[in-house]
Amino acid sequence: MIKRLYPHKRVKYWYAYDIDDICALYSDTGLHAQTVRTWVKKGLKTIDKGNPALIYGYDLIEYLKKYNTRNKCKTAFDEMFCFKCQDARNIFQRKTAIEHKAKTLFVSGHCRECKTVMNKTYKMDDLPKLKRTFHVGGVLELYDCEASPCKTHLQADAITPQSESLNNAPQGNLFG
Ligand SMILES: [Zn+2]
């Protein structure tokens with residue numbers, strides 16, 4: 001999947017956009033209305049949750065800044081991007097949970113600095129290295145991908161922070 005970047009400088013701060021307006025702003029990237037709707041689902045604010053959706057320029061700018069930073073930011077194998085810190089961060093106690101959908105591994109862990117949940121995708125081939133690098137809490141196969149169409153985007157709220165178990169975690173056995 002190729003991630004495209006959407007320069008936020010094209011957006012006027014005080015302007016209200018509908019979804020078609022936003023697509024027109026980035027027509028050169030082939031931005032599709034469905035993509036904008038996905039942004040709305042993932043947290044892009046709309047005005048009064050109206051239908052059709054209207055979005056303030058400043059909310060769009062804010063969203064695109066995060067979106068662009070996330071996709072620009074290079075993280076090392078054992079790092080993930082923390083939205084709160086807006087930077088690459090190590091994983092708290094190297095504890096991760098892995099979800100497996102199709103050929104993609106969705107790995108989540110807590111930011112070592114601020115304990116916010118972070119997510120990152122890895123390839124199936126990375127699994128042995130992941131197991132050497134992190135404490136892996138469990139590999140979950142959520143969907144039977146042979147039988148049903150796969151949704152491969154991660155829902156942020158599908159991950160429950162496990163702050164209690166983190167605090168009580170046994171120490172030491174890194175490569176167990
Ligand atoms: Zn953080």
# chains A, B, ... in the order shown; residues from 1 in each chain; ligands from 1
call {"tool": "residues_near_ligand", "arguments": {"ligand": "ligand 1", "cutoff": "10 Å", "atoms": "only C-alpha atoms and all ligand atoms", "output": "list in words"}}
result
Met80, Phe81, Cys82, Phe83, Lys84, Cys85, Gln86, Asp87, Ala88, Arg89, Asn90, Ile91, Phe92, His110, Cys111, Arg112, Glu113, Cys114, Lys115, Thr116, Val117 and Met118 of chain A
call {"tool": "write_last_selection", "arguments": {"atoms": "N, CA and C atoms", "output": "mmCIF file, in the first residue's frame"}}
result
data_model
loop_
_atom_site.group_PDB
_atom_site.id
_atom_site.type_symbol
_atom_site.label_atom_id
_atom_site.label_comp_id
_atom_site.auth_asym_id
_atom_site.auth_seq_id
_atom_site.Cartn_x
_atom_site.Cartn_y
_atom_site.Cartn_z
ATOM 1 N N MET A 80 8.344 2.609 17.389
ATOM 2 C CA MET A 80 7.078 2.929 16.745
ATOM 3 C C MET A 80 6.869 4.437 16.835
ATOM 4 N N PHE A 81 5.928 4.924 16.017
ATOM 5 C CA PHE A 81 5.643 6.351 16.061
ATOM 6 C C PHE A 81 4.598 6.639 17.124
ATOM 7 N N CYS A 82 4.914 7.536 18.062
ATOM 8 C CA CYS A 82 3.970 7.922 19.108
ATOM 9 C C CYS A 82 3.263 9.210 18.683
ATOM 10 N N PHE A 83 1.940 9.140 18.603
ATOM 11 C CA PHE A 83 1.167 10.316 18.212
ATOM 12 C C PHE A 83 1.286 11.430 19.235
ATOM 13 N N LYS A 84 1.382 11.050 20.497
ATOM 14 C CA LYS A 84 1.420 12.069 21.541
ATOM 15 C C LYS A 84 2.779 12.774 21.553
ATOM 16 N N CYS A 85 3.841 12.005 21.481
ATOM 17 C CA CYS A 85 5.184 12.591 21.438
ATOM 18 C C CYS A 85 5.502 13.151 20.051
ATOM 19 N N GLN A 86 4.743 12.741 19.041
ATOM 20 C CA GLN A 86 5.013 13.127 17.660
ATOM 21 C C GLN A 86 6.434 12.741 17.250
ATOM 22 N N ASP A 87 6.871 11.570 17.666
ATOM 23 C CA ASP A 87 8.221 11.139 17.316
ATOM 24 C C ASP A 87 8.320 9.621 17.446
ATOM 25 N N ALA A 88 9.438 9.088 16.949
ATOM 26 C CA ALA A 88 9.693 7.661 17.096
ATOM 27 C C ALA A 88 10.064 7.362 18.538
ATOM 28 N N ARG A 89 9.500 6.308 19.091
ATOM 29 C CA ARG A 89 9.742 5.989 20.493
ATOM 30 C C ARG A 89 9.988 4.488 20.667
ATOM 31 N N ASN A 90 10.749 4.157 21.699
ATOM 32 C CA ASN A 90 10.903 2.755 22.081
ATOM 33 C C ASN A 90 9.653 2.278 22.793
ATOM 34 N N ILE A 91 9.544 0.970 22.891
ATOM 35 C CA ILE A 91 8.351 0.371 23.472
ATOM 36 C C ILE A 91 8.602 0.080 24.955
ATOM 37 N N PHE A 92 7.661 0.524 25.773
ATOM 38 C CA PHE A 92 7.746 0.349 27.217
ATOM 39 C C PHE A 92 7.890 -1.139 27.565
ATOM 40 N N HIS A 110 3.282 0.161 24.230
ATOM 41 C CA HIS A 110 3.146 1.457 24.883
ATOM 42 C C HIS A 110 4.422 2.275 24.714
ATOM 43 N N CYS A 111 4.234 3.574 24.479
ATOM 44 C CA CYS A 111 5.361 4.500 24.377
ATOM 45 C C CYS A 111 6.134 4.514 25.695
ATOM 46 N N ARG A 112 7.475 4.407 25.606
ATOM 47 C CA ARG A 112 8.271 4.372 26.823
ATOM 48 C C ARG A 112 8.233 5.714 27.546
ATOM 49 N N GLU A 113 8.006 6.805 26.798
ATOM 50 C CA GLU A 113 8.016 8.129 27.419
ATOM 51 C C GLU A 113 6.666 8.470 28.051
ATOM 52 N N CYS A 114 5.585 8.247 27.315
ATOM 53 C CA CYS A 114 4.287 8.756 27.790
ATOM 54 C C CYS A 114 3.240 7.655 27.958
ATOM 55 N N LYS A 115 3.584 6.427 27.653
ATOM 56 C CA LYS A 115 2.715 5.245 27.840
ATOM 57 C C LYS A 115 1.500 5.223 26.910
ATOM 58 N N THR A 116 1.473 6.109 25.931
ATOM 59 C CA THR A 116 0.398 6.050 24.945
ATOM 60 C C THR A 116 0.544 4.782 24.095
ATOM 61 N N VAL A 117 -0.599 4.217 23.713
ATOM 62 C CA VAL A 117 -0.542 3.028 22.859
ATOM 63 C C VAL A 117 -0.097 3.427 21.453
ATOM 64 N N MET A 118 0.873 2.700 20.944
ATOM 65 C CA MET A 118 1.368 2.944 19.591
ATOM 66 C C MET A 118 1.142 1.689 18.759
#
call {"tool": "residues_around", "arguments": {"residues": "Tyr63 of chain A", "least_positions_apart": "2", "cutoff": "9 Å", "atoms": "only C-alpha atoms", "output": "list in words"}}
result
His8, Trp39, Gly43, Leu44, Lys45, Tyr58, Asp59, Leu60, Ile61, Lys65, Lys66, Tyr67 and Asn68 of chain A
call {"tool": "write_last_selection", "arguments": {"atoms": "C-alpha atoms", "output": "mmCIF file, in the first residue's frame"}}
result
data_model
loop_
_atom_site.group_PDB
_atom_site.id
_atom_site.type_symbol
_atom_site.label_atom_id
_atom_site.label_comp_id
_atom_site.auth_asym_id
_atom_site.auth_seq_id
_atom_site.Cartn_x
_atom_site.Cartn_y
_atom_site.Cartn_z
ATOM 1 C CA HIS A 8 -1.525 20.997 4.457
ATOM 2 C CA TRP A 39 -10.066 10.155 7.823
ATOM 3 C CA GLY A 43 -10.631 11.278 13.924
ATOM 4 C CA LEU A 44 -10.839 14.139 11.418
ATOM 5 C CA LYS A 45 -13.367 16.512 13.012
ATOM 6 C CA TYR A 58 -7.936 24.289 10.686
ATOM 7 C CA ASP A 59 -9.196 20.838 11.663
ATOM 8 C CA LEU A 60 -8.088 19.488 8.293
ATOM 9 C CA ILE A 61 -4.663 21.137 8.682
ATOM 10 C CA LYS A 65 -0.006 17.460 9.891
ATOM 11 C CA LYS A 66 -0.306 14.335 12.016
ATOM 12 C CA TYR A 67 -1.015 12.146 9.012
ATOM 13 C CA ASN A 68 1.962 13.492 7.066
#
call {"tool": "select_by_dssp", "arguments": {"residues": "segment 24-94 of chain A", "states": "helix (DSSP H, G or I)", "output": "JSON, numbers by chain"}}
result
{"A": [24, 25, 27, 28, 29, 33, 34, 35, 36, 37, 38, 39, 40, 41, 47, 48, 49, 57, 58, 59, 60, 61, 62, 63, 64, 65, 66, 67, 68, 69, 70, 71, 72]}
